[in-house]
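Trainee: Once you've had a glance at the structure underneath, I'll fire off some questions.
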Amino acid sequence: MMRQEVDKLNRIIKKQSGQYIRPRDAATLILLDRQGSEPRILMGCRHHGSAFMPNKYVFPGGRISPSDSRVRAASPMDPVTLTKLLHEMKGKPSEARARGLMMGAIRETFEETGIALGCANTGGLGSRAPEWRDYYASGLAPALDKLRYFARAITPPGRTRRFDARFFIADAADLGCDSSSCISGDGELKDLSWLTIGEAIDSDIPAITETILRELEARMQAADWWSPAFPVPFYQFRHNRFVREVI
């Protein structure tokens, strides 16, 4: 199945060309609600005026902010997760950058959906960064142990925007509110909805999003799928082809 997904991505890439643009760090959060008979995922539609993937249904996420690597977390990431995030990190690898990727996923999700993933802020944590003020006003603090590193994908050359995106998973049971009633956000994502994997795949989604959804569908069949040590698929463009590697 994953071989078929790689072939599909390569067919799409052949239709695209353009100048080289350096990928920027980005993070995405897959919020998974397992309370019902079938798992559901939170997705929203990008605004029609968006420069990147307009009118497409995507997971919450976006570019990493410099403040993301400086904000303190209430709980640390797993050491195995840190090792995986540092694997082939472009530029200068550091623990702060790895932490910033997870923090960015939490912040972007809060901005786009109004959902604050974390734990009670009993340690007085906070930030002067404007993009973090509203999050901390919720009374929570980022809890990195609630996230699982799931996948990585680098946008191939030829796009107007390129991202080195890391995908994380979080359980909706850790949201501190009912998954269907705590959605708001800044309007960047429209039509925020909880969809089954099948419903999400049938939506107007980017090719890489479909690939990630099928990865999730396959991963959830394994008994140890929630373990930080579970293999992380890494999609990137090498030797003129999109390839799937494992971290």
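We name chains A, B, ... following the order of the structure tokens; residues begin at 1 in each chain, and ligands are numbered from 1 as shown.
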Per DSSP on the backbone, filter range 9-178 of chain A down to the residues in strand (DSSP E or B) and report them as a ChimeraX atom specification.
Mentor: /A:24-33,40-46,57-58,61-63,75,119-120,140-141,143,147-154,163-171
Trainee: Please, which residues in range 67-108 of chain A fall within 8 Å of range 127-147 of chain A when counting only C-alpha atoms, and what is the closest atom pair and distance in Å to one decimal for each, ordered by chain then residue number, as a Markdown table?
Mentor:
| residue | atom | partner | partner_atom | distance |
| --- | --- | --- | --- | --- |
| A:Ser67 | CA | A:Ala129 | CA | 6.4 |
| A:Val71 | CA | A:Ser127 | CA | 6.4 |
| A:Arg72 | CA | A:Pro142 | CA | 7.8 |
| A:Ala73 | CA | A:Pro142 | CA | 5.0 |
| A:Ala74 | CA | A:Ala143 | CA | 5.3 |
| A:Ser75 | CA | A:Ala143 | CA | 4.9 |
| A:Pro76 | CA | A:Leu144 | CA | 5.5 |
| A:Met77 | CA | A:Leu144 | CA | 5.0 |
| A:Asp78 | CA | A:Asp145 | CA | 6.6 |
| A:Met102 | CA | A:Leu144 | CA | 6.8 |
| A:Met103 | CA | A:Pro142 | CA | 7.0 |
| A:Ile106 | CA | A:Pro142 | CA | 7.2 |
| A:Arg107 | CA | A:Trp132 | CA | 7.1 |
Trainee: Export N, CA, C and O atoms of the chosen residues as a JSON list (two decimals), in the first residue's frame?
Mentor:
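Contents of out07.json, freshly written:
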[["chain", "number", "residue", "atom", "x", "y", "z"],
["A", 67, "SER", "N", 9.79, 31.84, 18.59],
["A", 67, "SER", "CA", 9.46, 31.72, 20.02],
["A", 67, "SER", "C", 9.15, 30.29, 20.43],
["A", 67, "SER", "O", 9.24, 29.93, 21.61],
["A", 71, "VAL", "N", 9.92, 28.66, 24.36],
["A", 71, "VAL", "CA", 8.87, 28.48, 25.36],
["A", 71, "VAL", "C", 9.11, 27.18, 26.14],
["A", 71, "VAL", "O", 9.46, 26.16, 25.57],
["A", 72, "ARG", "N", 8.91, 27.27, 27.45],
["A", 72, "ARG", "CA", 9.13, 26.10, 28.30],
["A", 72, "ARG", "C", 7.90, 25.20, 28.32],
["A", 72, "ARG", "O", 6.76, 25.68, 28.26],
["A", 73, "ALA", "N", 8.13, 23.90, 28.41],
["A", 73, "ALA", "CA", 7.05, 22.93, 28.46],
["A", 73, "ALA", "C", 6.84, 22.43, 29.88],
["A", 73, "ALA", "O", 7.77, 22.40, 30.69],
["A", 74, "ALA", "N", 5.60, 22.02, 30.18],
["A", 74, "ALA", "CA", 5.30, 21.48, 31.50],
["A", 74, "ALA", "C", 5.81, 20.06, 31.65],
["A", 74, "ALA", "O", 6.07, 19.59, 32.75],
["A", 75, "SER", "N", 5.95, 19.37, 30.53],
["A", 75, "SER", "CA", 6.50, 18.01, 30.54],
["A", 75, "SER", "C", 7.38, 17.83, 29.31],
["A", 75, "SER", "O", 7.09, 18.38, 28.25],
["A", 76, "PRO", "N", 8.48, 17.10, 29.44],
["A", 76, "PRO", "CA", 9.43, 16.97, 28.33],
["A", 76, "PRO", "C", 8.99, 15.94, 27.30],
["A", 76, "PRO", "O", 8.10, 15.12, 27.56],
["A", 77, "MET", "N", 9.62, 15.98, 26.14],
["A", 77, "MET", "CA", 9.40, 14.95, 25.15],
["A", 77, "MET", "C", 10.15, 13.69, 25.53],
["A", 77, "MET", "O", 11.11, 13.74, 26.31],
["A", 78, "ASP", "N", 9.71, 12.58, 25.01],
["A", 78, "ASP", "CA", 10.39, 11.30, 25.25],
["A", 78, "ASP", "C", 11.77, 11.34, 24.58],
["A", 78, "ASP", "O", 11.92, 11.87, 23.49],
["A", 102, "MET", "N", 7.47, 20.53, 18.31],
["A", 102, "MET", "CA", 6.29, 20.05, 19.05],
["A", 102, "MET", "C", 5.49, 21.23, 19.60],
["A", 102, "MET", "O", 4.25, 21.23, 19.57],
["A", 103, "MET", "N", 6.19, 22.25, 20.10],
["A", 103, "MET", "CA", 5.52, 23.43, 20.61],
["A", 103, "MET", "C", 4.75, 24.14, 19.49],
["A", 103, "MET", "O", 3.62, 24.62, 19.68],
["A", 106, "ILE", "N", 1.43, 22.53, 18.81],
["A", 106, "ILE", "CA", 0.44, 22.89, 19.83],
["A", 106, "ILE", "C", -0.07, 24.31, 19.60],
["A", 106, "ILE", "O", -1.27, 24.57, 19.66],
["A", 107, "ARG", "N", 0.85, 25.24, 19.36],
["A", 107, "ARG", "CA", 0.47, 26.65, 19.17],
["A", 107, "ARG", "C", -0.41, 26.83, 17.93],
["A", 107, "ARG", "O", -1.45, 27.50, 17.97]]
Trainee: From the list A:Asn55, A:Met43, A:Gly100, A:Thr83, which residue is nearest Asp68 in chain A when using only C-alpha atoms?
Mentor: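 Answer, going by the shortest atom-to-atom distance: A:Gly100.
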Trainee: Excluding Asp174 in chain A and residues on its chain fewer than 5 positions from it, collect all residues at most 9 Å away from it, counting only C-alpha atoms, and give them as an MDAnalysis selection string.
Mentor: chainID A and resid 117:119 146
Trainee: With all heavy atoms retained, export the selected residues as a short mmCIF file (atom, residue, chain, number, x, y, z; two decimals), in the first residue's frame.
Mentor:
data_model
loop_
_atom_site.label_atom_id
_atom_site.label_comp_id
_atom_site.auth_asym_id
_atom_site.auth_seq_id
_atom_site.Cartn_x
_atom_site.Cartn_y
_atom_site.Cartn_z
N LEU A 117 -4.09 22.15 23.79
CA LEU A 117 -3.64 20.84 24.24
C LEU A 117 -2.55 21.04 25.28
O LEU A 117 -1.54 21.71 25.02
CB LEU A 117 -3.09 20.03 23.06
CG LEU A 117 -2.56 18.64 23.39
CD1 LEU A 117 -3.71 17.72 23.79
CD2 LEU A 117 -1.82 18.06 22.19
N GLY A 118 -2.73 20.48 26.47
CA GLY A 118 -1.71 20.63 27.51
C GLY A 118 -2.21 20.11 28.83
O GLY A 118 -3.15 19.31 28.90
N CYS A 119 -1.59 20.59 29.92
CA CYS A 119 -1.99 20.21 31.26
C CYS A 119 -2.11 21.48 32.10
O CYS A 119 -1.72 22.56 31.68
CB CYS A 119 -0.98 19.24 31.87
SG CYS A 119 0.69 19.93 32.05
N LYS A 146 2.20 14.34 25.70
CA LYS A 146 0.88 13.99 25.14
C LYS A 146 0.92 13.83 23.62
O LYS A 146 -0.07 13.45 23.01
CB LYS A 146 -0.16 15.04 25.52
CG LYS A 146 -0.42 15.14 27.02
CD LYS A 146 -1.51 16.15 27.32
CE LYS A 146 -1.74 16.29 28.81
NZ LYS A 146 -2.23 15.03 29.43
#
Trainee: Please measure the separation of CA of Glu199 in chain A and CA of Ile41 in chain A, giving the value in Å to one decimal.
Mentor: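 Between CA of Glu199 in chain A and CA of Ile41 in chain A the gap works out to 9.5 Å.
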Trainee: Of the candidates A:Ala116, A:Thr81, A:Arg244, A:Ile208, which one gets nearest to Ser227 in chain A if we count only C-alpha atoms?
Mentor: A:Thr81
Trainee: Which residue, A:Val58, A:Leu101, A:Val246, A:Leu189, has the smallest gap to Arg166 in chain A when you use only C-alpha atoms?
Mentor: A:Leu101
Trainee: Excluding Gly61 in chain A and residues on its chain fewer than 3 positions from it, collect all residues at most 8 Å away from it, counting only C-alpha atoms, and give them as a short mmCIF file (atom, residue, chain, number, x, y, z; two decimals) with N, CA, C and O atoms, in the first residue's frame.
Mentor:
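The new file out-v3.cif reads:
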data_model
loop_
_atom_site.label_atom_id
_atom_site.label_comp_id
_atom_site.auth_asym_id
_atom_site.auth_seq_id
_atom_site.Cartn_x
_atom_site.Cartn_y
_atom_site.Cartn_z
N ALA A 26 8.01 23.27 9.70
CA ALA A 26 6.58 23.37 9.97
C ALA A 26 6.16 22.18 10.81
O ALA A 26 6.86 21.16 10.87
N ALA A 27 5.02 22.32 11.46
CA ALA A 27 4.52 21.23 12.31
C ALA A 27 3.01 21.13 12.17
O ALA A 27 2.30 22.14 12.04
N THR A 28 2.53 19.91 12.21
CA THR A 28 1.11 19.61 12.04
C THR A 28 0.67 18.69 13.17
O THR A 28 1.43 17.83 13.61
N LEU A 29 -0.57 18.86 13.61
CA LEU A 29 -1.09 18.01 14.68
C LEU A 29 -2.34 17.26 14.20
O LEU A 29 -3.31 17.88 13.75
N GLY A 104 5.36 24.19 18.31
CA GLY A 104 4.71 24.83 17.17
C GLY A 104 3.42 24.13 16.78
O GLY A 104 2.44 24.77 16.40
N ALA A 105 3.42 22.80 16.87
CA ALA A 105 2.21 22.04 16.56
C ALA A 105 1.09 22.39 17.53
O ALA A 105 -0.08 22.55 17.14
N GLU A 108 0.02 26.26 16.80
CA GLU A 108 -0.74 26.40 15.56
C GLU A 108 -2.13 25.79 15.69
O GLU A 108 -3.11 26.35 15.17
N THR A 109 -2.23 24.67 16.37
CA THR A 109 -3.53 24.04 16.57
C THR A 109 -4.44 24.94 17.40
O THR A 109 -5.63 25.10 17.11
N GLU A 112 -5.58 27.94 15.17
CA GLU A 112 -6.50 27.60 14.07
C GLU A 112 -7.80 26.96 14.52
O GLU A 112 -8.79 26.99 13.79
#
Trainee: How many Å separate CA of His47 in chain A from CA of Leu32 in chain A?
Mentor: 22.9 Å
Trainee: Between CA of Arg97 in chain A and CA of Glu188 in chain A, measure the distance and give it in Å to one decimal.
Mentor: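 It comes out at 25.0 Å.
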Trainee: Determine the nearest neighbour of Asp202 in chain A from the options A:Arg219, A:Arg24, A:Arg161, A:Lys56, counting only C-alpha atoms.
Mentor: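 Looking only at the distances to Asp202 in chain A, the closest residue turns out to be A:Lys56.
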Trainee: Identify, on the basis of only C-alpha atoms, every residue whose closest approach to Gly198 in chain A does not exceed 12 Å; exclude the query and any residue fewer than 4 positions from it along the same chain; express the result as a PyMOL selection string.
Mentor: chain A and resi 38-41+194+202-203+205+210+213-214+216-217
Trainee: So, with only C-alpha atoms as the atoms that count, which of A:Leu192, A:Ala218, A:Ala153, A:Ile169 lies closest to Arg46 in chain A?
Mentor: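 Residue with the minimum atom-to-atom distance to Arg46 in chain A: A:Leu192.
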Trainee: Using only C-alpha atoms, can you tell me which of A:Glu215, A:Asp164, A:Glu245, A:Asp171 comes closest to Arg148 in chain A?
Mentor: A:Asp171
